[in-house]
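structure_28.txt (compact mmCIF, C-alpha atoms) appears below.
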# COMPACT_ATOMS: atom_id res chain seq x y z
CA MET A 266 -3.86 -10.55 -57.36
CA PRO A 267 -1.65 -9.92 -60.47
CA GLU A 268 -2.32 -6.80 -62.47
CA GLY A 269 -1.50 -5.68 -66.03
CA LEU A 270 0.36 -8.07 -68.35
CA PHE A 271 -0.05 -11.22 -66.25
CA ALA A 272 -3.68 -10.73 -65.23
CA PRO A 273 -5.26 -12.69 -68.16
CA LEU A 274 -2.90 -15.64 -67.58
CA PHE A 275 -3.71 -15.70 -63.87
CA GLN A 276 -7.44 -15.60 -64.55
CA GLU A 277 -7.15 -18.53 -66.94
CA GLN A 278 -5.18 -20.57 -64.35
CA LEU A 279 -7.70 -19.73 -61.66
CA LYS A 280 -10.61 -20.78 -63.90
CA THR A 281 -8.87 -24.08 -64.68
CA HIS A 282 -8.14 -24.98 -61.05
CA LEU A 283 -11.43 -23.79 -59.53
CA GLN A 284 -13.66 -24.60 -62.52
CA LEU A 285 -15.16 -21.12 -62.17
CA PRO A 286 -16.03 -18.61 -64.89
CA VAL A 287 -13.68 -15.90 -63.72
CA THR A 288 -14.39 -12.63 -65.49
CA ASN A 289 -13.37 -10.04 -62.93
CA HIS A 290 -10.76 -10.78 -60.31
CA GLN A 291 -11.72 -7.77 -58.18
CA SER A 292 -15.34 -8.92 -57.84
CA LEU A 293 -14.08 -12.36 -56.76
CA ILE A 294 -12.06 -10.82 -53.95
CA THR A 295 -14.95 -8.64 -52.84
CA SER A 296 -17.43 -11.51 -52.76
CA HIS A 297 -15.18 -13.53 -50.42
CA ARG A 298 -14.31 -10.67 -48.09
CA PRO A 299 -15.66 -11.37 -44.58
CA THR A 300 -18.34 -8.96 -43.44
CA MET A 301 -17.70 -7.16 -40.15
CA SER A 302 -20.43 -6.56 -37.62
CA PHE A 303 -20.12 -4.04 -34.83
CA PRO A 304 -21.95 -4.11 -31.51
CA ARG A 305 -24.33 -1.29 -30.82
CA ARG A 306 -22.69 1.60 -28.97
CA TYR A 307 -23.30 1.31 -25.23
CA THR A 308 -25.15 4.39 -23.99
CA GLY A 309 -25.69 3.69 -20.32
CA LEU A 310 -27.65 1.46 -17.98
CA ILE A 311 -31.02 3.15 -18.44
CA GLU A 312 -31.11 2.33 -22.13
CA LYS A 313 -29.83 -1.19 -21.53
CA TYR A 314 -32.33 -2.03 -18.80
CA ARG A 315 -35.15 0.30 -19.76
CA ASP A 316 -37.77 -2.47 -19.41
CA ARG A 317 -36.66 -3.05 -15.81
CA LEU A 318 -36.60 0.59 -14.70
CA PRO A 319 -39.29 3.21 -14.00
CA ILE A 320 -38.62 5.19 -17.19
CA HIS A 321 -41.13 6.48 -19.74
CA ASP A 322 -40.55 6.23 -23.47
CA ASP A 323 -40.28 10.00 -23.84
CA THR A 324 -38.12 10.59 -20.76
CA ARG A 325 -34.98 12.64 -21.37
CA VAL A 326 -32.21 10.39 -20.09
CA ILE A 327 -29.29 12.01 -18.26
CA SER A 328 -26.40 9.60 -18.76
CA LEU A 329 -22.61 9.50 -18.90
CA GLY A 330 -22.42 5.90 -20.10
CA GLU A 331 -22.38 4.48 -16.58
CA GLY A 332 -22.57 0.77 -15.79
CA ASN A 333 -21.16 -2.11 -17.81
CA THR A 334 -18.19 -2.30 -15.42
CA PRO A 335 -15.84 -5.30 -15.49
CA LEU A 336 -16.27 -8.38 -13.31
CA VAL A 337 -12.67 -9.44 -12.78
CA ARG A 338 -11.68 -12.88 -11.53
CA LEU A 339 -8.91 -12.80 -8.93
CA ASN A 340 -6.34 -15.36 -9.96
CA ASN A 341 -3.42 -14.78 -7.59
CA ILE A 342 -5.25 -13.90 -4.38
CA ALA A 343 -7.73 -16.76 -4.75
CA ARG A 344 -4.87 -19.19 -5.29
CA ASP A 345 -3.06 -17.86 -2.22
CA VAL A 346 -6.09 -18.16 0.06
CA GLY A 347 -6.91 -21.70 -1.12
CA HIS A 348 -10.20 -23.43 -0.26
CA ASP A 349 -10.97 -23.78 -3.99
CA VAL A 350 -12.99 -20.58 -4.09
CA ASP A 351 -13.70 -18.40 -7.11
CA ILE A 352 -13.40 -14.72 -6.18
CA TYR A 353 -14.52 -11.96 -8.51
CA VAL A 354 -14.46 -8.23 -8.01
CA LYS A 355 -17.05 -5.93 -9.56
CA TYR A 356 -14.87 -2.92 -10.34
CA GLU A 357 -17.27 -0.02 -9.93
CA GLY A 358 -14.39 2.43 -9.82
CA LEU A 359 -14.49 2.37 -13.63
CA ASN A 360 -17.79 4.24 -13.76
CA PRO A 361 -17.65 7.79 -15.22
CA THR A 362 -16.94 9.56 -11.91
CA ALA A 363 -15.03 6.53 -10.60
CA SER A 364 -17.60 5.13 -8.18
CA PHE A 365 -20.78 3.06 -8.04
CA LYS A 366 -22.79 6.19 -7.23
CA ASP A 367 -23.19 6.89 -10.95
CA ARG A 368 -25.57 3.95 -11.32
CA GLY A 369 -28.08 5.54 -8.99
CA MET A 370 -27.33 9.11 -9.97
CA THR A 371 -28.27 8.64 -13.61
CA MET A 372 -31.73 7.53 -12.46
CA ALA A 373 -32.12 10.14 -9.71
CA VAL A 374 -31.12 13.07 -11.92
CA THR A 375 -33.10 11.78 -14.91
CA LYS A 376 -36.26 11.65 -12.79
CA ALA A 377 -35.50 15.00 -11.14
CA VAL A 378 -35.24 16.67 -14.54
CA GLU A 379 -38.38 14.88 -15.72
CA ASP A 380 -40.22 16.35 -12.73
CA GLY A 381 -39.01 19.84 -13.59
CA SER A 382 -36.38 20.23 -10.87
CA GLN A 383 -33.72 22.89 -11.44
CA ALA A 384 -31.46 21.85 -8.56
CA ILE A 385 -30.38 18.77 -6.64
CA ILE A 386 -28.84 18.44 -3.18
CA CYS A 387 -26.98 15.77 -1.24
CA ALA A 388 -24.92 15.16 1.84
CA SER A 389 -21.77 13.25 1.05
CA THR A 390 -18.56 11.70 2.29
CA GLY A 391 -17.25 12.39 -1.21
CA ASN A 392 -18.43 10.00 -3.90
CA THR A 393 -22.05 11.12 -3.95
CA SER A 394 -21.01 14.75 -4.24
CA ALA A 395 -18.74 14.00 -7.20
CA SER A 396 -21.43 12.02 -8.97
CA ALA A 397 -24.22 14.49 -8.27
CA ALA A 398 -22.09 17.38 -9.51
CA ALA A 399 -21.21 15.59 -12.75
CA TYR A 400 -24.76 14.56 -13.60
CA ALA A 401 -26.11 17.99 -12.68
CA GLY A 402 -23.59 19.48 -15.08
CA ARG A 403 -24.71 17.05 -17.77
CA ALA A 404 -28.34 17.98 -17.17
CA GLY A 405 -27.74 21.72 -17.01
CA ILE A 406 -28.99 22.13 -13.45
CA THR A 407 -27.34 23.10 -10.15
CA ALA A 408 -25.90 20.71 -7.56
CA TYR A 409 -25.58 21.66 -3.89
CA VAL A 410 -23.39 19.33 -1.86
CA LEU A 411 -22.83 19.29 1.90
CA ILE A 412 -19.57 17.70 2.96
CA PRO A 413 -17.92 17.24 6.37
CA GLU A 414 -15.04 19.65 6.79
CA GLY A 415 -11.66 17.92 6.75
CA LYS A 416 -13.22 14.46 6.35
CA ILE A 417 -13.33 14.10 2.58
CA ALA A 418 -10.65 12.70 0.30
CA MET A 419 -9.11 15.38 -1.92
CA GLY A 420 -9.79 13.52 -5.15
CA LYS A 421 -13.51 13.55 -4.45
CA LEU A 422 -13.58 17.21 -3.41
CA ALA A 423 -11.72 18.15 -6.58
CA GLN A 424 -14.34 16.39 -8.68
CA ALA A 425 -17.27 18.21 -7.09
CA MET A 426 -15.53 21.56 -7.49
CA MET A 427 -14.49 20.98 -11.10
CA HIS A 428 -18.00 19.93 -12.07
CA GLY A 429 -19.31 23.25 -10.81
CA ALA A 430 -21.21 22.19 -7.70
CA VAL A 431 -21.97 24.62 -4.90
CA VAL A 432 -19.86 23.00 -2.18
CA ILE A 433 -20.88 23.67 1.41
CA GLN A 434 -18.52 22.42 4.12
CA ILE A 435 -20.10 21.87 7.52
CA GLU A 436 -18.58 21.45 10.97
CA GLY A 437 -20.03 18.01 11.44
CA ASN A 438 -20.01 14.51 9.98
CA PHE A 439 -22.09 12.97 7.19
CA ASP A 440 -24.97 12.15 9.51
CA VAL A 441 -25.30 15.80 10.54
CA GLY A 442 -25.16 16.80 6.87
CA MET A 443 -27.88 14.31 5.96
CA LYS A 444 -30.16 15.72 8.64
CA LEU A 445 -29.63 19.23 7.29
CA VAL A 446 -30.29 18.14 3.70
CA LYS A 447 -33.66 16.66 4.69
CA GLU A 448 -34.61 19.88 6.47
CA VAL A 449 -33.47 22.11 3.60
CA ALA A 450 -35.46 20.09 1.05
CA GLU A 451 -38.64 20.92 2.96
CA HIS A 452 -38.07 24.65 2.48
CA ALA A 453 -36.22 24.97 -0.85
CA PRO A 454 -36.99 23.80 -4.42
CA VAL A 455 -34.30 21.10 -4.54
CA THR A 456 -34.42 17.33 -5.09
CA ILE A 457 -32.51 15.09 -2.69
CA VAL A 458 -30.31 12.59 -4.55
CA ASN A 459 -28.98 10.62 -1.60
CA SER A 460 -30.01 6.97 -1.41
CA ILE A 461 -33.26 7.90 0.37
CA ASN A 462 -34.32 8.88 -3.14
CA PRO A 463 -36.03 5.65 -4.33
CA TYR A 464 -34.73 6.06 -7.88
CA ARG A 465 -31.14 5.78 -6.66
CA LEU A 466 -31.55 2.15 -5.68
CA GLN A 467 -33.42 1.41 -8.89
CA GLY A 468 -30.31 2.41 -10.79
CA GLN A 469 -27.92 0.63 -8.47
CA LYS A 470 -29.78 -2.69 -8.72
CA THR A 471 -28.50 -3.02 -12.30
CA ALA A 472 -25.08 -4.07 -11.00
CA ALA A 473 -26.69 -7.33 -9.87
CA PHE A 474 -28.14 -7.80 -13.37
CA GLU A 475 -24.68 -7.44 -14.89
CA ILE A 476 -23.16 -9.94 -12.48
CA VAL A 477 -25.79 -12.57 -13.23
CA GLU A 478 -25.36 -12.03 -16.96
CA ALA A 479 -21.56 -12.33 -16.69
CA LEU A 480 -21.57 -15.51 -14.57
CA GLY A 481 -24.70 -17.12 -15.97
CA ARG A 482 -26.03 -17.31 -12.42
CA ALA A 483 -25.88 -15.41 -9.16
CA PRO A 484 -22.78 -15.99 -7.01
CA ASP A 485 -23.01 -17.95 -3.77
CA TYR A 486 -21.92 -14.93 -1.74
CA HIS A 487 -21.88 -11.23 -2.50
CA CYS A 488 -19.73 -9.10 -0.21
CA LEU A 489 -20.00 -5.31 -0.07
CA PRO A 490 -18.63 -2.45 2.01
CA VAL A 491 -21.46 -0.87 4.00
CA GLY A 492 -21.85 2.77 4.96
CA ASN A 493 -25.27 4.22 4.26
CA ALA A 494 -26.40 0.67 3.28
CA GLY A 495 -28.23 1.59 0.10
CA ASN A 496 -25.94 -0.47 -2.12
CA ILE A 497 -26.33 -3.81 -0.34
CA THR A 498 -30.08 -3.22 -0.43
CA ALA A 499 -30.07 -2.34 -4.14
CA HIS A 500 -28.06 -5.42 -5.10
CA TRP A 501 -30.46 -7.66 -3.21
CA ILE A 502 -33.40 -6.05 -5.03
CA GLY A 503 -31.67 -6.73 -8.35
CA TYR A 504 -30.96 -10.35 -7.55
CA CYS A 505 -34.51 -10.91 -6.34
CA GLU A 506 -36.03 -9.38 -9.45
CA TYR A 507 -33.92 -11.59 -11.72
CA ALA A 508 -34.69 -14.72 -9.68
CA SER A 509 -38.45 -14.24 -9.29
CA ALA A 510 -40.95 -15.71 -11.71
CA SER A 511 -43.61 -13.14 -10.84
CA GLY A 512 -43.91 -9.79 -9.10
CA ASP A 513 -45.51 -11.11 -5.91
CA HIS A 514 -43.46 -11.31 -2.70
CA VAL A 515 -40.15 -10.55 -4.45
CA THR A 516 -38.47 -8.92 -1.45
CA GLY A 517 -39.48 -6.83 1.51
CA ALA A 518 -36.31 -4.76 1.08
CA CYS A 519 -37.65 -2.71 -1.82
CA ALA A 520 -39.37 0.57 -0.96
CA PHE A 521 -40.28 1.28 -4.57
CA CYS A 522 -42.80 -1.39 -5.54
CA LYS A 523 -44.82 -1.54 -2.30
CA GLY A 524 -45.42 -5.28 -2.36
CA HIS A 525 -45.76 -5.97 -6.07
CA CYS A 526 -42.74 -5.70 -8.34
CA ALA A 527 -43.38 -4.52 -11.87
CA TYR A 528 -39.89 -5.54 -13.00
CA ALA A 529 -39.57 -9.14 -11.78
CA GLY A 530 -39.66 -12.25 -13.93
CA GLY A 531 -38.39 -13.21 -17.32
CA ALA A 532 -34.72 -13.84 -16.60
CA GLY A 533 -35.10 -17.42 -15.39
CA VAL A 534 -32.18 -17.28 -12.91
CA GLY A 535 -33.17 -19.32 -9.90
CA ASN A 536 -30.52 -18.75 -7.25
CA ARG A 537 -29.82 -15.73 -5.08
CA PRO A 538 -26.63 -15.06 -3.13
CA ARG A 539 -26.06 -14.57 0.55
CA MET A 540 -25.53 -10.85 1.08
CA VAL A 541 -22.61 -10.02 3.36
CA GLY A 542 -21.91 -6.47 4.48
CA PHE A 543 -18.59 -5.35 5.94
CA GLN A 544 -18.17 -2.16 7.93
CA ALA A 545 -15.14 -0.39 9.31
CA ALA A 546 -14.67 -1.27 12.98
CA GLY A 547 -14.94 2.38 14.01
CA ALA A 548 -18.11 2.90 12.00
CA ALA A 549 -20.08 -0.31 12.45
CA PRO A 550 -23.64 0.42 13.57
CA PHE A 551 -25.02 -2.76 11.95
CA VAL A 552 -22.51 -4.88 13.85
CA ARG A 553 -23.26 -3.10 17.12
CA GLY A 554 -26.99 -3.17 16.46
CA GLU A 555 -27.38 0.54 17.13
CA MET A 556 -26.59 3.91 15.59
CA ILE A 557 -23.21 5.56 16.28
CA ASP A 558 -22.89 9.30 16.80
CA HIS A 559 -19.16 9.69 16.18
CA PRO A 560 -17.90 7.14 13.63
CA GLU A 561 -14.20 7.11 12.78
CA THR A 562 -12.26 5.23 10.11
CA VAL A 563 -9.62 5.78 7.46
CA ALA A 564 -12.20 4.49 4.97
CA THR A 565 -13.98 7.83 4.69
CA ALA A 566 -16.59 6.60 2.17
CA ILE A 567 -18.16 4.39 4.88
CA ARG A 568 -17.61 6.75 7.81
CA ILE A 569 -21.33 6.79 8.59
CA GLY A 570 -22.97 6.11 11.93
CA HIS A 571 -26.63 6.59 11.04
CA PRO A 572 -27.31 4.58 7.85
CA GLN A 573 -30.34 5.80 5.92
CA SER A 574 -31.22 2.32 4.61
CA TRP A 575 -31.12 0.71 8.05
CA ASP A 576 -34.33 -1.32 7.93
CA TYR A 577 -34.08 -2.39 4.29
CA ALA A 578 -30.45 -3.45 4.63
CA TRP A 579 -31.31 -5.62 7.62
CA MET A 580 -34.11 -7.18 5.59
CA ALA A 581 -31.76 -7.87 2.66
CA VAL A 582 -29.26 -9.64 4.90
CA GLU A 583 -31.90 -11.62 6.77
CA GLU A 584 -33.80 -12.69 3.64
CA SER A 585 -30.59 -13.85 2.00
CA GLY A 586 -29.19 -15.69 5.01
CA GLY A 587 -26.18 -13.36 5.11
CA TRP A 588 -24.56 -11.31 7.83
CA PHE A 589 -22.84 -8.07 8.80
CA ASP A 590 -19.31 -7.93 10.16
CA LYS A 591 -16.53 -5.43 10.69
CA CYS A 592 -12.91 -4.99 9.60
CA THR A 593 -10.22 -2.96 11.27
CA ASP A 594 -8.60 -0.10 9.39
CA GLU A 595 -5.42 -2.18 9.28
CA GLU A 596 -7.25 -5.08 7.60
CA ILE A 597 -8.87 -2.72 5.10
CA LEU A 598 -5.60 -1.04 4.10
CA ALA A 599 -3.81 -4.38 3.86
CA ALA A 600 -6.49 -5.68 1.49
CA GLN A 601 -6.28 -2.51 -0.61
CA LYS A 602 -2.53 -2.94 -1.00
CA LEU A 603 -2.80 -6.69 -1.61
CA LEU A 604 -5.32 -6.14 -4.39
CA ALA A 605 -3.13 -3.53 -6.06
CA GLU A 606 0.10 -5.52 -5.80
CA ARG A 607 -1.19 -9.02 -6.56
CA GLU A 608 -3.97 -8.30 -9.07
CA GLY A 609 -3.22 -4.85 -10.48
CA ILE A 610 -6.53 -3.40 -9.27
CA PHE A 611 -6.47 -0.08 -7.42
CA CYS A 612 -9.50 0.69 -5.26
CA GLU A 613 -10.17 3.23 -2.55
CA PRO A 614 -9.91 2.06 1.11
CA ALA A 615 -13.65 1.60 1.71
CA SER A 616 -13.89 -0.70 -1.30
CA ALA A 617 -11.28 -3.03 0.14
CA ALA A 618 -13.47 -3.78 3.17
CA SER A 619 -15.43 -6.21 1.01
CA LEU A 620 -12.32 -8.20 0.07
CA ALA A 621 -10.76 -7.99 3.54
CA GLY A 622 -13.86 -9.47 5.12
CA ALA A 623 -14.35 -12.08 2.42
CA LEU A 624 -10.79 -13.39 2.71
CA ARG A 625 -11.08 -13.63 6.49
CA ASP A 626 -14.37 -15.52 6.23
CA VAL A 627 -12.96 -17.90 3.60
CA ARG A 628 -10.00 -18.73 5.83
CA SER A 629 -12.24 -19.28 8.87
CA GLY A 630 -14.69 -21.46 6.92
CA LYS A 631 -17.63 -19.12 7.41
CA ILE A 632 -17.73 -18.83 3.63
CA SER A 633 -17.91 -22.38 2.36
CA ALA A 634 -15.13 -23.97 0.33
CA SER A 635 -15.69 -24.21 -3.43
CA SER A 636 -17.95 -21.16 -3.35
CA SER A 637 -18.24 -18.38 -5.89
CA ILE A 638 -17.83 -14.94 -4.33
CA VAL A 639 -18.31 -11.46 -5.74
CA CYS A 640 -16.80 -8.49 -3.91
CA THR A 641 -17.96 -5.03 -4.89
CA LEU A 642 -15.19 -2.44 -5.22
CA THR A 643 -17.17 0.76 -4.87
CA GLY A 644 -14.59 3.35 -5.91
CA HIS A 645 -11.26 3.85 -7.68
CA GLY A 646 -8.04 4.24 -5.70
CA LEU A 647 -7.34 7.64 -7.23
CA LYS A 648 -10.27 8.95 -5.19
CA ASP A 649 -7.97 8.98 -2.15
CA PRO A 650 -4.35 9.20 -3.32
CA ASP A 651 -3.06 10.57 0.00
CA THR A 652 -4.02 7.41 1.91
CA ALA A 653 -2.49 5.23 -0.80
CA ILE A 654 0.81 7.10 -0.75
CA LYS A 655 1.02 6.95 3.05
CA GLN A 656 0.90 3.16 3.06
CA SER A 657 3.24 2.69 0.10
CA THR A 658 6.41 1.78 1.98
CA ALA A 659 8.73 1.33 -1.01
CA PRO A 660 10.87 4.47 -1.37
CA VAL A 661 11.05 6.44 -4.61
CA LEU A 662 14.62 5.95 -5.81
CA LYS A 663 16.55 9.06 -6.79
CA VAL A 664 19.63 8.51 -8.97
CA ASP A 665 21.78 10.45 -11.40
CA ALA A 666 20.54 10.65 -14.98
CA GLU A 667 23.22 8.22 -16.16
CA LEU A 668 22.98 4.71 -17.61
CA GLU A 669 25.13 3.07 -14.95
CA ALA A 670 23.17 4.65 -12.09
CA VAL A 671 19.84 3.52 -13.55
CA ARG A 672 21.21 0.04 -14.31
CA ARG A 673 22.50 -0.34 -10.77
CA ALA A 674 19.17 0.80 -9.26
CA ILE A 675 17.33 -1.83 -11.33
CA LEU A 676 19.72 -4.68 -10.50
CA ASP A 677 19.81 -3.84 -6.79
CA ASN A 678 16.03 -4.01 -6.59
CA MET A 679 15.37 -7.17 -8.55
CA ALA A 680 13.31 -9.70 -6.59
Translate this file's structure into structure tokens.
Amino acid sequence: MPEGLFAPLFQEQLKTHLQLPVTNHQSLITSHRPTMSFPRRYTGLIEKYRDRLPIHDDTRVISLGEGNTPLVRLNNIARDVGHDVDIYVKYEGLNPTASFKDRGMTMAVTKAVEDGSQAIICASTGNTSASAAAYAGRAGITAYVLIPEGKIAMGKLAQAMMHGAVVIQIEGNFDVGMKLVKEVAEHAPVTIVNSINPYRLQGQKTAAFEIVEALGRAPDYHCLPVGNAGNITAHWIGYCEYASASGDHVTGACAFCKGHCAYAGGAGVGNRPRMVGFQAAGAAPFVRGEMIDHPETVATAIRIGHPQSWDYAWMAVEESGGWFDKCTDEEILAAQKLLAEREGIFCEPASAASLAGALRDVRSGKISASSSIVCTLTGHGLKDPDTAIKQSTAPVLKVDAELEAVRRAILDNMA
């Protein structure tokens, strides 16, 4: 807009062309400036889904902004596998402590604090300990974590230690640790925050809400890695609540509502997916149909032989018409690498079990052609950098700090 000497002339021209009584050019600009609206700041899943969670109006919420993770469509891998399937991954590794555990932990710790607890305790293969430690720090209480000695990824151990947890290593696996945690809780003033805590699954069910909202419907199949089996159960609860018109007979897999769900209805989403759980071959009690005393797998997050959600997970799979299956460590690691190289998504080994199994079932026809599939990626790849580095076969090139040496290294390695 002209200023000074030419301003009156410009105003007169503008009035002539627009037939407007222009008296102040600055007010004209201001009146036509587009207004900007900003979305409300996201503050975590409890606030977003408060009406669908057991939270009181005056409850002090312990949150790190968890949830609201991306649902990413796989373009390259889906095209490679064919069968006209749509494959999405729910990238839970982008939660605050880099795993899905934060969804349940915000609820478990919020309710523990509400009940006056000054300490929480868990047994963990790694992710639960990291999450519990972080949320305890946020709440100003103490976290005690029992972990199996030598069987926890360093990234997860570092998190628990940095967040100030009291870390107790035991000479035994997760299942031994879980047994000890239950016994300790009977004699010490601590709240268990493993998935046997019913509030954990209440928080974790919100991932299903987000998926339905993103797709406009539930997927045809939902594939998850299975260790302790709380997550497959929680997702099924979430899908059932969104799909049910009333609170009667929503699902038998929910331990919280005892037959009548206070949070069902209102969403109007009719379909529910088939729930498919994939275990590591060396830690596959659901596939074997019995508990395993000495599970072994490179996917340490699902190295569990005595799942705590055994009955409810079976119910979730049976009600949905789904199934359990197993993947070898080689299949899991191959899927982890494929996902990183072809889609740019880095997940920890256990997460990749969901994709490894889904791809195999698509190829075999067990998962129908033209289906929509969601695979949950439970944790970020940086949780277990050692395993990732071991399977990265491309060498790190070492050259002189000279232009020609760098140029030659680039040209020699062009695809």
What gap, in Å, lies between CA of Lys655 (chain A) and CA of His571 (chain A)? 28.8 Å
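CA of Ser619 (chain A) sits 12.5 Å away from CA of Trp588 (chain A).
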Sort by chain and increasing residue number a table of all residues of region 386-425 of chain A within 12 Å of region 346-364 of chain A, each with its closest pair of atoms and their distance in Å to one decimal, counting only C-alpha atoms, and write it as a tab-separated table.
residue	atom	partner	partner_atom	distance
A:Gly391	CA	A:Ser364	CA	10.1
A:Asn392	CA	A:Ser364	CA	6.5
A:Thr393	CA	A:Ser364	CA	8.6
A:Ser394	CA	A:Thr362	CA	10.1
A:Ala395	CA	A:Thr362	CA	6.7
A:Ser396	CA	A:Thr362	CA	5.9
A:Ala397	CA	A:Thr362	CA	9.5
A:Ala398	CA	A:Thr362	CA	9.7
A:Ala399	CA	A:Thr362	CA	7.4
A:Tyr400	CA	A:Thr362	CA	9.4
A:Arg403	CA	A:Pro361	CA	11.9
A:Gly420	CA	A:Ala363	CA	10.3
A:Lys421	CA	A:Thr362	CA	9.1
A:Leu422	CA	A:Thr362	CA	11.9
A:Ala423	CA	A:Thr362	CA	11.4
A:Gln424	CA	A:Thr362	CA	8.0
A:Ala425	CA	A:Thr362	CA	9.9
CA of Gly530 (chain A) to CA of Gly369 (chain A), straight-line distance in Å: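 Going from CA of Gly369 (chain A) over to CA of Gly530 (chain A), I get 21.8 Å.
Nearest to Asp513 (chain A) of all the residues A:Trp501, A:Tyr528, A:Tyr577, A:Phe474 is A:Tyr528, counting all atoms listed in the file.
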Give the answer as one residue: which of A:Ala548, A:Val515, A:Ile461, A:Ala453 has the shortest atom-to-atom distance to Arg568 (chain A), using all atoms listed in the file?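 Looking at the shortest contact to Arg568 (chain A), the residue is A:Ala548.
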Could you tell me which of A:Ala388, A:Asp576, A:Ala418, A:Cys519 comes closest to Pro650 (chain A) if we count all atoms listed in the file? A:Ala418
From the options A:Val671, A:Val491, A:Ala621, A:Val563, which residue's atoms come nearest to Phe589 (chain A), counting all atoms listed in the file? A:Val491
Nearest to Gln469 (chain A), chosen from A:Leu336, A:Leu318, A:Ala599, A:Ala615, with only C-alpha atoms counted in the distances: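 Ranked by minimum distance to Gln469 (chain A), first place goes to A:Leu318.
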Could you work out an axis-aligned bounding box for all listed atoms of region 321-334 of chain A, with 5 Å added on each of the six sides, and give its centre and edge lengths in Å to one decimal, as AutoDock Vina command-line options?
--center_x -29.7 --center_y 5.2 --center_z -19.6 --size_x 32.9 --size_y 24.9 --size_z 18.4
Go through A:Gly622, A:Arg672, A:Leu598, A:Lys631 one by one, measure the shortest atom-to-atom distance of each to Gln656 (chain A) using all atoms listed in the file, and give the residue with the smallest value. A:Leu598
Any idea what's packed within 9 Å of region 373-378 of chain A, counting only C-alpha atoms, ignoring anything in its chain fewer than 3 positions away? Could you give it as a PDB file with C-alpha atoms, in the frame of the given file?
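Once written, result-v1.pdb looks like this:
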ATOM      1  CA  ILE A 320     -38.620   5.190 -17.190  1.00  0.00           C
ATOM      2  CA  THR A 324     -38.120  10.590 -20.760  1.00  0.00           C
ATOM      3  CA  ARG A 325     -34.980  12.640 -21.370  1.00  0.00           C
ATOM      4  CA  VAL A 326     -32.210  10.390 -20.090  1.00  0.00           C
ATOM      5  CA  ILE A 327     -29.290  12.010 -18.260  1.00  0.00           C
ATOM      6  CA  SER A 328     -26.400   9.600 -18.760  1.00  0.00           C
ATOM      7  CA  GLY A 369     -28.080   5.540  -8.990  1.00  0.00           C
ATOM      8  CA  MET A 370     -27.330   9.110  -9.970  1.00  0.00           C
ATOM      9  CA  GLY A 381     -39.010  19.840 -13.590  1.00  0.00           C
ATOM     10  CA  SER A 382     -36.380  20.230 -10.870  1.00  0.00           C
ATOM     11  CA  GLN A 383     -33.720  22.890 -11.440  1.00  0.00           C
ATOM     12  CA  ALA A 384     -31.460  21.850  -8.560  1.00  0.00           C
ATOM     13  CA  ILE A 385     -30.380  18.770  -6.640  1.00  0.00           C
ATOM     14  CA  ALA A 397     -24.220  14.490  -8.270  1.00  0.00           C
ATOM     15  CA  TYR A 400     -24.760  14.560 -13.600  1.00  0.00           C
ATOM     16  CA  ALA A 401     -26.110  17.990 -12.680  1.00  0.00           C
ATOM     17  CA  ALA A 404     -28.340  17.980 -17.170  1.00  0.00           C
ATOM     18  CA  ILE A 406     -28.990  22.130 -13.450  1.00  0.00           C
ATOM     19  CA  THR A 456     -34.420  17.330  -5.090  1.00  0.00           C
ATOM     20  CA  ILE A 457     -32.510  15.090  -2.690  1.00  0.00           C
ATOM     21  CA  VAL A 458     -30.310  12.590  -4.550  1.00  0.00           C
ATOM     22  CA  ASN A 459     -28.980  10.620  -1.600  1.00  0.00           C
ATOM     23  CA  ASN A 462     -34.320   8.880  -3.140  1.00  0.00           C
ATOM     24  CA  PRO A 463     -36.030   5.650  -4.330  1.00  0.00           C
ATOM     25  CA  TYR A 464     -34.730   6.060  -7.880  1.00  0.00           C
ATOM     26  CA  ARG A 465     -31.140   5.780  -6.660  1.00  0.00           C
ATOM     27  CA  LEU A 466     -31.550   2.150  -5.680  1.00  0.00           C
ATOM     28  CA  GLN A 467     -33.420   1.410  -8.890  1.00  0.00           C
ATOM     29  CA  GLY A 468     -30.310   2.410 -10.790  1.00  0.00           C
TER      30      GLY A 468
END
Close residues, Asn333 (chain A) itself excluded, 8 Å, only C-alpha atoms, min 3 positions apart in chain, as a VMD selection string: chain A and resid 309 to 310 475
Contacts of Pro484 (chain A) at 8 Å or less, counting all atoms listed in the file, minus same-chain residues fewer than 6 places along, as a PDB file with C-alpha atoms, in the frame of the given file?
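Writing the result to out.pdb gives the following:
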ATOM      1  CA  VAL A 477     -25.790 -12.570 -13.230  1.00  0.00           C
ATOM      2  CA  ARG A 537     -29.820 -15.730  -5.080  1.00  0.00           C
ATOM      3  CA  PRO A 538     -26.630 -15.060  -3.130  1.00  0.00           C
ATOM      4  CA  SER A 636     -17.950 -21.160  -3.350  1.00  0.00           C
ATOM      5  CA  SER A 637     -18.240 -18.380  -5.890  1.00  0.00           C
ATOM      6  CA  ILE A 638     -17.830 -14.940  -4.330  1.00  0.00           C
ATOM      7  CA  VAL A 639     -18.310 -11.460  -5.740  1.00  0.00           C
TER       8      VAL A 639
END
